[in-house]
>>> print(open('final_2.cif').read())   # mmCIF, C-alpha atoms and all ligand atoms
data_upload
#
loop_
_atom_site.label_atom_id
_atom_site.label_comp_id
_atom_site.auth_asym_id
_atom_site.auth_seq_id
_atom_site.Cartn_x
_atom_site.Cartn_y
_atom_site.Cartn_z
CA MET A 1 0.00 0.00 0.00
CA ILE A 2 2.87 2.39 0.79
CA LYS A 3 6.05 2.38 -1.28
CA VAL A 4 9.01 4.60 -0.43
CA ASN A 5 11.60 4.71 -3.23
CA ASN A 6 15.09 6.20 -2.87
CA LEU A 7 13.64 8.95 -0.70
CA THR A 8 16.03 11.73 0.26
CA LYS A 9 14.94 14.85 2.13
CA LYS A 10 17.33 17.63 3.09
CA PHE A 11 16.79 20.76 5.14
CA GLY A 12 19.57 23.07 4.01
CA GLU A 13 22.75 21.02 4.24
CA HIS A 14 21.24 18.61 6.75
CA ILE A 15 20.17 15.25 5.33
CA SER A 16 17.07 14.19 7.29
CA LEU A 17 16.20 11.21 5.09
CA ASP A 18 19.08 9.50 3.34
CA ASN A 19 17.92 7.38 0.40
CA ILE A 20 15.15 5.47 2.20
CA ASN A 21 13.63 2.40 0.57
CA CYS A 22 10.79 0.48 2.19
CA GLU A 23 7.40 -0.96 1.56
CA PHE A 24 4.41 -1.31 3.87
CA LYS A 25 1.71 -3.80 2.97
CA LYS A 26 -1.75 -4.68 4.20
CA ASN A 27 -1.57 -6.25 7.68
CA ASP A 28 1.79 -4.65 8.44
CA TYR A 29 1.55 -3.22 11.95
CA ILE A 30 4.79 -1.35 12.40
CA ALA A 31 6.56 0.22 15.34
CA LEU A 32 8.84 2.95 13.94
CA MET A 33 11.59 3.74 16.41
CA GLY A 34 14.88 5.57 16.72
CA ALA A 35 16.63 8.36 18.59
CA ASN A 36 15.40 11.96 18.63
CA GLY A 37 16.20 13.54 15.29
CA ALA A 38 16.55 10.18 13.48
CA GLY A 39 14.05 11.25 10.80
CA LYS A 40 10.84 9.47 11.86
CA THR A 41 8.55 12.50 11.68
CA THR A 42 10.19 13.62 8.43
CA LEU A 43 9.47 10.19 6.92
CA ILE A 44 5.84 10.34 8.05
CA ARG A 45 5.36 13.86 6.73
CA SER A 46 6.86 12.77 3.42
CA ILE A 47 4.47 9.82 3.24
CA LEU A 48 1.59 12.24 3.86
CA GLY A 49 2.79 14.55 1.09
CA TYR A 50 3.75 17.48 3.36
CA TYR A 51 7.31 17.60 2.06
CA HIS A 52 8.70 17.69 -1.45
CA PRO A 53 11.55 15.17 -1.59
CA ASP A 54 15.00 16.12 -2.87
CA ASN A 55 15.19 12.76 -4.56
CA GLY A 56 12.94 9.72 -4.95
CA GLY A 57 9.38 9.64 -3.76
CA VAL A 58 6.41 7.91 -2.22
CA LEU A 59 3.49 6.06 -3.73
CA ILE A 60 0.36 5.24 -1.78
CA ASN A 61 -1.80 2.69 -3.55
CA GLY A 62 0.01 3.83 -6.68
CA LEU A 63 -0.75 7.53 -6.13
CA ASP A 64 1.64 10.40 -5.45
CA PRO A 65 0.66 11.95 -2.08
CA ILE A 66 1.78 15.41 -3.23
CA LYS A 67 -0.08 15.50 -6.54
CA GLU A 68 -3.14 13.54 -5.39
CA ARG A 69 -3.25 14.70 -1.80
CA VAL A 70 -7.02 14.75 -1.31
CA LYS A 71 -7.53 11.29 -2.74
CA VAL A 72 -4.60 9.81 -0.82
CA LEU A 73 -5.69 11.32 2.51
CA GLU A 74 -9.24 9.96 2.12
CA ASN A 75 -8.14 6.58 3.44
CA ILE A 76 -5.55 7.68 6.00
CA SER A 77 -6.04 8.44 9.69
CA PHE A 78 -3.20 10.47 11.14
CA VAL A 79 -2.43 11.82 14.60
CA PRO A 80 0.60 14.15 14.63
CA GLN A 81 3.34 14.39 17.26
CA LEU A 82 2.15 17.85 18.30
CA PRO A 83 -1.55 18.76 18.20
CA PRO A 84 -2.22 21.47 15.59
CA PRO A 85 -3.29 24.94 16.82
CA ILE A 86 -6.96 24.54 15.94
CA LYS A 87 -9.15 27.51 16.90
CA LEU A 88 -12.44 25.67 16.36
CA SER A 89 -14.59 24.44 19.24
CA ILE A 90 -15.02 20.68 19.64
CA SER A 91 -18.46 20.81 18.03
CA GLU A 92 -17.14 22.90 15.09
CA LEU A 93 -14.19 20.54 14.66
CA MET A 94 -16.54 17.55 14.64
CA GLN A 95 -18.73 19.27 12.06
CA TYR A 96 -15.64 20.06 9.99
CA VAL A 97 -14.36 16.48 9.91
CA SER A 98 -17.84 15.08 9.38
CA VAL A 99 -18.40 17.25 6.29
CA GLY A 100 -14.80 17.40 5.05
CA ALA A 101 -13.67 13.83 5.72
CA ASN A 102 -16.98 12.01 6.09
CA VAL A 103 -16.32 11.00 9.70
CA ASP A 104 -19.36 9.80 11.64
CA LYS A 105 -19.93 12.14 14.62
CA GLN A 106 -21.60 9.42 16.67
CA LYS A 107 -18.51 7.27 16.26
CA ILE A 108 -16.29 10.14 17.44
CA ILE A 109 -18.47 10.47 20.53
CA HIS A 110 -18.34 6.71 21.06
CA TYR A 111 -14.55 6.57 20.94
CA ALA A 112 -14.21 9.75 23.02
CA ASN A 113 -16.38 8.16 25.70
CA GLU A 114 -14.32 4.98 25.55
CA MET A 115 -11.22 7.11 26.19
CA LYS A 116 -12.96 8.90 29.09
CA LEU A 117 -12.95 12.25 27.33
CA ASP A 118 -15.96 14.19 28.52
CA ILE A 119 -16.94 15.45 25.12
CA LYS A 120 -20.53 16.50 25.88
CA THR A 121 -19.69 19.12 28.52
CA ASN A 122 -16.78 20.48 26.47
CA MET A 123 -18.58 20.81 23.13
CA ASN A 124 -18.27 24.60 23.00
CA LYS A 125 -14.71 24.79 24.29
CA SER A 126 -11.95 25.75 21.81
CA PHE A 127 -9.73 22.85 20.87
CA PHE A 128 -6.60 24.81 21.80
CA LYS A 129 -7.95 25.37 25.32
CA LEU A 130 -8.21 21.64 26.00
CA SER A 131 -5.48 20.01 28.08
CA GLY A 132 -2.69 18.22 26.19
CA GLY A 133 -4.16 14.81 26.98
CA MET A 134 -7.70 15.89 26.06
CA LYS A 135 -6.48 17.12 22.67
CA GLN A 136 -4.78 13.81 22.02
CA LYS A 137 -7.86 11.86 23.10
CA LEU A 138 -10.05 13.82 20.69
CA LEU A 139 -7.61 13.41 17.78
CA ILE A 140 -7.37 9.69 18.53
CA ALA A 141 -11.18 9.40 18.70
CA ILE A 142 -11.45 11.07 15.28
CA SER A 143 -8.70 8.82 13.87
CA LEU A 144 -10.52 5.69 15.03
CA ALA A 145 -13.90 6.95 13.81
CA LYS A 146 -12.59 7.79 10.35
CA GLN A 147 -12.83 5.32 7.51
CA ASN A 148 -9.24 4.26 6.76
CA ASN A 149 -6.94 1.55 5.54
CA ILE A 150 -3.79 3.31 6.74
CA ILE A 151 -3.32 4.58 10.29
CA ILE A 152 -0.31 6.74 11.07
CA TYR A 153 0.47 7.73 14.65
CA ASP A 154 3.42 9.92 15.59
CA GLU A 155 3.87 9.34 19.35
CA PRO A 156 0.17 9.78 20.11
CA THR A 157 0.36 8.67 23.74
CA ALA A 158 2.93 11.19 25.03
CA ASN A 159 0.32 13.16 27.01
CA LEU A 160 -2.03 10.34 27.94
CA ASP A 161 -2.38 9.10 31.50
CA PRO A 162 -1.79 5.34 32.02
CA LYS A 163 -5.50 4.48 32.03
CA ALA A 164 -6.10 6.39 28.79
CA ARG A 165 -3.14 4.59 27.22
CA ASP A 166 -4.65 1.21 28.09
CA ASP A 167 -8.02 2.34 26.67
CA PHE A 168 -6.34 3.55 23.50
CA TYR A 169 -4.38 0.32 22.90
CA ARG A 170 -7.51 -1.77 23.52
CA LEU A 171 -9.49 0.28 20.96
CA LEU A 172 -6.64 0.18 18.45
CA LYS A 173 -6.35 -3.59 18.75
CA GLN A 174 -10.10 -3.87 18.00
CA ASN A 175 -9.66 -1.57 15.01
CA GLU A 176 -6.86 -3.62 13.38
CA ASP A 177 -8.28 -5.20 10.29
CA GLU A 178 -6.51 -5.53 6.95
CA LYS A 179 -4.72 -2.22 7.43
CA VAL A 180 -1.31 -0.65 7.59
CA LEU A 181 -0.45 0.79 10.99
CA LEU A 182 2.65 2.95 11.23
CA PHE A 183 3.22 3.82 14.87
CA VAL A 184 6.13 6.03 15.94
CA THR A 185 7.06 5.28 19.51
CA HIS A 186 9.90 5.40 22.01
CA ARG A 187 8.19 2.73 24.11
CA LEU A 188 8.21 -0.60 22.31
CA GLU A 189 6.85 -2.41 25.37
CA GLU A 190 3.58 -0.48 25.01
CA VAL A 191 2.91 -1.50 21.42
CA GLU A 192 4.48 -4.99 21.41
CA GLN A 193 1.05 -6.65 21.50
CA ILE A 194 -0.13 -4.59 18.54
CA VAL A 195 2.77 -4.60 16.08
CA ASN A 196 4.26 -7.37 13.93
CA ARG A 197 7.16 -5.42 12.46
CA GLN A 198 9.82 -3.22 14.06
CA ILE A 199 11.76 -0.61 12.14
CA TYR A 200 14.63 1.40 13.59
CA MET A 201 15.94 4.61 12.05
CA ASP A 202 19.18 6.42 12.76
CA LEU A 203 20.67 9.48 11.06
CA GLY A 204 18.07 9.45 8.29
CA LYS A 205 18.49 5.77 7.40
CA ILE A 206 16.60 2.59 8.21
CA VAL A 207 19.10 0.58 10.24
CA SER A 208 16.92 -2.43 10.97
CA ASP A 209 13.61 -3.78 9.75
CA GLU A 210 12.39 -6.96 11.38
CA VAL A 211 9.19 -8.92 11.04
CA ILE A 212 8.17 -10.49 14.34
CA SER A 213 5.45 -13.05 14.84
N1 LIG B 301 10.97 21.55 8.99
C1 LIG B 301 12.26 21.33 9.27
N2 LIG B 301 13.21 22.28 9.01
C2 LIG B 301 14.51 22.04 9.27
N3 LIG B 301 14.98 20.90 9.80
C3 LIG B 301 14.08 19.93 10.07
C4 LIG B 301 12.69 20.09 9.84
N4 LIG B 301 12.05 18.96 10.20
C5 LIG B 301 13.00 18.15 10.66
N5 LIG B 301 14.22 18.71 10.59
C6 LIG B 301 15.50 18.08 11.00
O1 LIG B 301 15.51 16.76 10.50
C7 LIG B 301 16.05 15.86 11.45
C8 LIG B 301 15.04 14.76 11.72
O2 LIG B 301 13.92 15.32 12.42
P1 LIG B 301 12.61 14.49 12.74
O3 LIG B 301 11.61 15.43 13.32
O4 LIG B 301 12.23 13.73 11.54
O5 LIG B 301 13.15 13.49 13.85
P2 LIG B 301 12.37 12.40 14.72
O6 LIG B 301 13.01 11.09 14.45
O7 LIG B 301 10.92 12.51 14.49
O8 LIG B 301 12.74 12.83 16.22
P3 LIG B 301 11.86 12.86 17.59
O9 LIG B 301 11.99 11.47 18.20
O10 LIG B 301 12.55 13.88 18.41
O11 LIG B 301 10.47 13.24 17.25
C9 LIG B 301 16.42 16.70 12.67
O12 LIG B 301 17.79 17.01 12.59
C10 LIG B 301 15.58 17.96 12.49
O13 LIG B 301 16.21 19.09 13.05
MG MG B 302 9.32 13.07 15.63
#
>>> encode(input="final_2.cif", output="structure tokens", more="lines below")
Ligand SMILES: Nc1ncnc2c1ncn2[C@@H]1O[C@H](COP(=O)(O)OP(=O)(O)OP(=O)(O)O)[C@@H](O)[C@H]1O
Ligand SMILES: [Mg+2]
Amino acid sequence: MIKVNNLTKKFGEHISLDNINCEFKKNDYIALMGANGAGKTTLIRSILGYYHPDNGGVLINGLDPIKERVKVLENISFVPQLPPPIKLSISELMQYVSVGANVDKQKIIHYANEMKLDIKTNMNKSFFKLSGGMKQKLLIAISLAKQNNIIIYDEPTANLDPKARDDFYRLLKQNEDEKVLLFVTHRLEEVEQIVNRQIYMDLGKIVSDEVIS
């Protein structure tokens, strides 16, 4: 489903991705790991079509994520490392994703409740005024509610309390079904039950890629 070919991305003189080649197929549930600055977020942003590569490229189901952004993103759920500075209230954000990305509002509420996010009493609160953990819970609820065959998470649990983490992993496990999951994490022990492939990056390269049963 995702093919990364000879992908190089530089920022000035700094090489953040150094000729990356990899392929992610249906039923690959991947933990993407590596030291701070290894290039994990850069790889994910390139897969999502945020960055123009200096060389090589990405294909998602045969489509270029830069040229065919809208079509490619239709089937991807993504939670970024840092929540975006959204000025909308929760109810406006839900309306926005329900119209713009066809996400079922009732499902968002369902997953929010499962994650113990009190969505009903916070409906009119601005997203950016929510606590760090509440923002992440809402973004996770939307990601689970959205129709997808690719789920990309960039350290989504950083601000979650231990109970919320357990809730999240339980829901994610239920949601696994013929998909690609690309999960950036520094805590392998948390996702070991969910993933079947472990990829390590260092200095912009993939240094190990192991399938585990
Ligand atoms: N927009 C940018 N402009 C300039 N340099 C960037 C940009 N994004 C990333 N970099 C650089 O690319 C390198 C890789 O960064 P990246 O964010 O991909 O690392 P990471 O593996 O996600 O690290 P972390 O675990 O800290 O999130 C770093 O040296 C970083 O400074
Ligand atoms: Mg990162």
>>> closest_residue(input="final_2.cif", among="A:Ala35, A:Ile194, A:Met134, A:Ile206", to="Val4 (chain A)", atoms="all atoms listed in the file")
A:Ile206
>>> closest_residue(input="final_2.cif", among="A:Met1, A:Leu82, A:Leu43, A:Val97", to="Leu63 (chain A)", atoms="only C-alpha atoms")
A:Met1
>>> closest_residue(input="final_2.cif", among="A:Ala31, A:Ile142, A:Val72, A:Ala38", to="ligand MG 302 (chain B)", atoms="all atoms listed in the file")
A:Ala38
>>> residues_near_ligand(input="final_2.cif", ligand="ligand LIG 301 (chain B)", cutoff="9 Å", atoms="all atoms listed in the file", output="PyMOL selection string")
chain A and resi 9-12+14-17+33-45+51+81+154-155+184-186+201-204
>>> residues_around(input="final_2.cif", residues="Pro84 (chain A)", least_positions_apart="6", cutoff="10 Å", atoms="all atoms listed in the file", output="count of residues only")
4
>>> closest_residue(input="final_2.cif", among="A:Pro80, A:Gly133, A:Gly100, A:Gly57", to="Phe183 (chain A)", atoms="all atoms listed in the file")
A:Pro80
>>> atom_distance(input="final_2.cif", atom1="CA of Asn61 (chain A)", atom2="CA of Val195 (chain A)")
21.4 Å
>>> closest_residue(input="final_2.cif", among="A:Ala145, A:Ile140, A:Val70, A:Leu48", to="Val103 (chain A)", atoms="all atoms listed in the file")
A:Ala145
>>> closest_residue(input="final_2.cif", among="A:Leu130, A:Pro83, A:Lys137, A:Asn149", to="Ile108 (chain A)", atoms="all atoms listed in the file")
A:Lys137
>>> atom_distance(input="final_2.cif", atom1="CA of Leu172 (chain A)", atom2="CA of Lys105 (chain A)")
18.3 Å
>>> residues_around(input="final_2.cif", residues="Arg69 (chain A)", least_positions_apart="2", cutoff="12 Å", atoms="only C-alpha atoms", output="ChimeraX atom specification")
/A:46-51,58-60,63-67,71-76
>>> atom_distance(input="final_2.cif", atom1="CA of Ile109 (chain A)", atom2="CA of Leu188 (chain A)")
28.9 Å
>>> residues_around(input="final_2.cif", residues="Asn21 (chain A)", least_positions_apart="2", cutoff="7 Å", atoms="all atoms listed in the file", output="PyMOL selection string")
chain A and resi 4-7+19
>>> residues_around(input="final_2.cif", residues="Lys173 (chain A)", least_positions_apart="2", cutoff="12 Å", atoms="all atoms listed in the file", output="JSON, numbers by chain")
{"A": [29, 144, 166, 167, 168, 169, 170, 171, 175, 176, 177, 178, 179, 181, 191, 192, 193, 194, 195]}
>>> write_last_selection(input="final_2.cif", atoms="C-alpha atoms", output="PDB file, keeping the file's coordinate frame")
ATOM      1  CA  TYR A  29       1.550  -3.220  11.950  1.00  0.00           C
ATOM      2  CA  LEU A 144     -10.520   5.690  15.030  1.00  0.00           C
ATOM      3  CA  ASP A 166      -4.650   1.210  28.090  1.00  0.00           C
ATOM      4  CA  ASP A 167      -8.020   2.340  26.670  1.00  0.00           C
ATOM      5  CA  PHE A 168      -6.340   3.550  23.500  1.00  0.00           C
ATOM      6  CA  TYR A 169      -4.380   0.320  22.900  1.00  0.00           C
ATOM      7  CA  ARG A 170      -7.510  -1.770  23.520  1.00  0.00           C
ATOM      8  CA  LEU A 171      -9.490   0.280  20.960  1.00  0.00           C
ATOM      9  CA  ASN A 175      -9.660  -1.570  15.010  1.00  0.00           C
ATOM     10  CA  GLU A 176      -6.860  -3.620  13.380  1.00  0.00           C
ATOM     11  CA  ASP A 177      -8.280  -5.200  10.290  1.00  0.00           C
ATOM     12  CA  GLU A 178      -6.510  -5.530   6.950  1.00  0.00           C
ATOM     13  CA  LYS A 179      -4.720  -2.220   7.430  1.00  0.00           C
ATOM     14  CA  LEU A 181      -0.450   0.790  10.990  1.00  0.00           C
ATOM     15  CA  VAL A 191       2.910  -1.500  21.420  1.00  0.00           C
ATOM     16  CA  GLU A 192       4.480  -4.990  21.410  1.00  0.00           C
ATOM     17  CA  GLN A 193       1.050  -6.650  21.500  1.00  0.00           C
ATOM     18  CA  ILE A 194      -0.130  -4.590  18.540  1.00  0.00           C
ATOM     19  CA  VAL A 195       2.770  -4.600  16.080  1.00  0.00           C
TER      20      VAL A 195
END
>>> decode(input="final_2.cif", residues="region 46-63 of chain A", atoms="N, CA, C and O atoms", output="PDB file, in the first residue's frame")
ATOM      1  N   SER A  46       6.640  13.014   4.843  1.00  0.00           N
ATOM      2  CA  SER A  46       6.863  12.773   3.415  1.00  0.00           C
ATOM      3  C   SER A  46       5.812  11.803   2.878  1.00  0.00           C
ATOM      4  O   SER A  46       5.298  11.979   1.770  1.00  0.00           O
ATOM      5  N   ILE A  47       5.496  10.782   3.663  1.00  0.00           N
ATOM      6  CA  ILE A  47       4.467   9.825   3.240  1.00  0.00           C
ATOM      7  C   ILE A  47       3.121  10.534   3.067  1.00  0.00           C
ATOM      8  O   ILE A  47       2.358  10.237   2.159  1.00  0.00           O
ATOM      9  N   LEU A  48       2.865  11.510   3.925  1.00  0.00           N
ATOM     10  CA  LEU A  48       1.595  12.238   3.859  1.00  0.00           C
ATOM     11  C   LEU A  48       1.604  13.360   2.812  1.00  0.00           C
ATOM     12  O   LEU A  48       0.613  14.073   2.658  1.00  0.00           O
ATOM     13  N   GLY A  49       2.725  13.538   2.143  1.00  0.00           N
ATOM     14  CA  GLY A  49       2.795  14.551   1.093  1.00  0.00           C
ATOM     15  C   GLY A  49       3.016  15.969   1.581  1.00  0.00           C
ATOM     16  O   GLY A  49       2.812  16.926   0.844  1.00  0.00           O
ATOM     17  N   TYR A  50       3.466  16.130   2.837  1.00  0.00           N
ATOM     18  CA  TYR A  50       3.749  17.478   3.357  1.00  0.00           C
ATOM     19  C   TYR A  50       5.047  18.033   2.786  1.00  0.00           C
ATOM     20  O   TYR A  50       5.217  19.240   2.691  1.00  0.00           O
ATOM     21  N   TYR A  51       6.007  17.147   2.522  1.00  0.00           N
ATOM     22  CA  TYR A  51       7.313  17.603   2.061  1.00  0.00           C
ATOM     23  C   TYR A  51       7.573  17.175   0.622  1.00  0.00           C
ATOM     24  O   TYR A  51       7.223  16.068   0.231  1.00  0.00           O
ATOM     25  N   HIS A  52       8.205  18.048  -0.124  1.00  0.00           N
ATOM     26  CA  HIS A  52       8.695  17.692  -1.450  1.00  0.00           C
ATOM     27  C   HIS A  52      10.063  17.055  -1.276  1.00  0.00           C
ATOM     28  O   HIS A  52      10.955  17.666  -0.696  1.00  0.00           O
ATOM     29  N   PRO A  53      10.245  15.828  -1.765  1.00  0.00           N
ATOM     30  CA  PRO A  53      11.546  15.170  -1.595  1.00  0.00           C
ATOM     31  C   PRO A  53      12.624  15.806  -2.457  1.00  0.00           C
ATOM     32  O   PRO A  53      12.327  16.418  -3.483  1.00  0.00           O
ATOM     33  N   ASP A  54      13.879  15.675  -2.031  1.00  0.00           N
ATOM     34  CA  ASP A  54      14.998  16.123  -2.870  1.00  0.00           C
ATOM     35  C   ASP A  54      15.334  15.068  -3.905  1.00  0.00           C
ATOM     36  O   ASP A  54      15.883  15.375  -4.960  1.00  0.00           O
ATOM     37  N   ASN A  55      15.017  13.829  -3.562  1.00  0.00           N
ATOM     38  CA  ASN A  55      15.187  12.757  -4.556  1.00  0.00           C
ATOM     39  C   ASN A  55      14.195  11.648  -4.194  1.00  0.00           C
ATOM     40  O   ASN A  55      13.784  11.515  -3.047  1.00  0.00           O
ATOM     41  N   GLY A  56      13.838  10.841  -5.194  1.00  0.00           N
ATOM     42  CA  GLY A  56      12.939   9.717  -4.952  1.00  0.00           C
ATOM     43  C   GLY A  56      11.535  10.172  -4.632  1.00  0.00           C
ATOM     44  O   GLY A  56      11.172  11.320  -4.919  1.00  0.00           O
ATOM     45  N   GLY A  57      10.759   9.273  -4.057  1.00  0.00           N
ATOM     46  CA  GLY A  57       9.382   9.643  -3.761  1.00  0.00           C
ATOM     47  C   GLY A  57       8.608   8.539  -3.078  1.00  0.00           C
ATOM     48  O   GLY A  57       9.149   7.504  -2.706  1.00  0.00           O
ATOM     49  N   VAL A  58       7.318   8.811  -2.932  1.00  0.00           N
ATOM     50  CA  VAL A  58       6.412   7.914  -2.216  1.00  0.00           C
ATOM     51  C   VAL A  58       5.227   7.621  -3.112  1.00  0.00           C
ATOM     52  O   VAL A  58       4.759   8.512  -3.838  1.00  0.00           O
ATOM     53  N   LEU A  59       4.752   6.387  -3.069  1.00  0.00           N
ATOM     54  CA  LEU A  59       3.494   6.060  -3.731  1.00  0.00           C
ATOM     55  C   LEU A  59       2.580   5.399  -2.717  1.00  0.00           C
ATOM     56  O   LEU A  59       2.988   4.487  -1.993  1.00  0.00           O
ATOM     57  N   ILE A  60       1.345   5.852  -2.674  1.00  0.00           N
ATOM     58  CA  ILE A  60       0.357   5.244  -1.781  1.00  0.00           C
ATOM     59  C   ILE A  60      -0.755   4.679  -2.639  1.00  0.00           C
ATOM     60  O   ILE A  60      -1.449   5.446  -3.322  1.00  0.00           O
ATOM     61  N   ASN A  61      -0.893   3.372  -2.620  1.00  0.00           N
ATOM     62  CA  ASN A  61      -1.800   2.693  -3.554  1.00  0.00           C
ATOM     63  C   ASN A  61      -1.591   3.217  -4.977  1.00  0.00           C
ATOM     64  O   ASN A  61      -2.549   3.480  -5.703  1.00  0.00           O
ATOM     65  N   GLY A  62      -0.335   3.410  -5.332  1.00  0.00           N
ATOM     66  CA  GLY A  62       0.010   3.832  -6.683  1.00  0.00           C
ATOM     67  C   GLY A  62      -0.103   5.328  -6.934  1.00  0.00           C
ATOM     68  O   GLY A  62       0.222   5.799  -8.024  1.00  0.00           O
ATOM     69  N   LEU A  63      -0.557   6.089  -5.926  1.00  0.00           N
ATOM     70  CA  LEU A  63      -0.754   7.532  -6.132  1.00  0.00           C
ATOM     71  C   LEU A  63       0.325   8.346  -5.426  1.00  0.00           C
ATOM     72  O   LEU A  63       0.806   7.972  -4.352  1.00  0.00           O
TER      73      LEU A  63
END
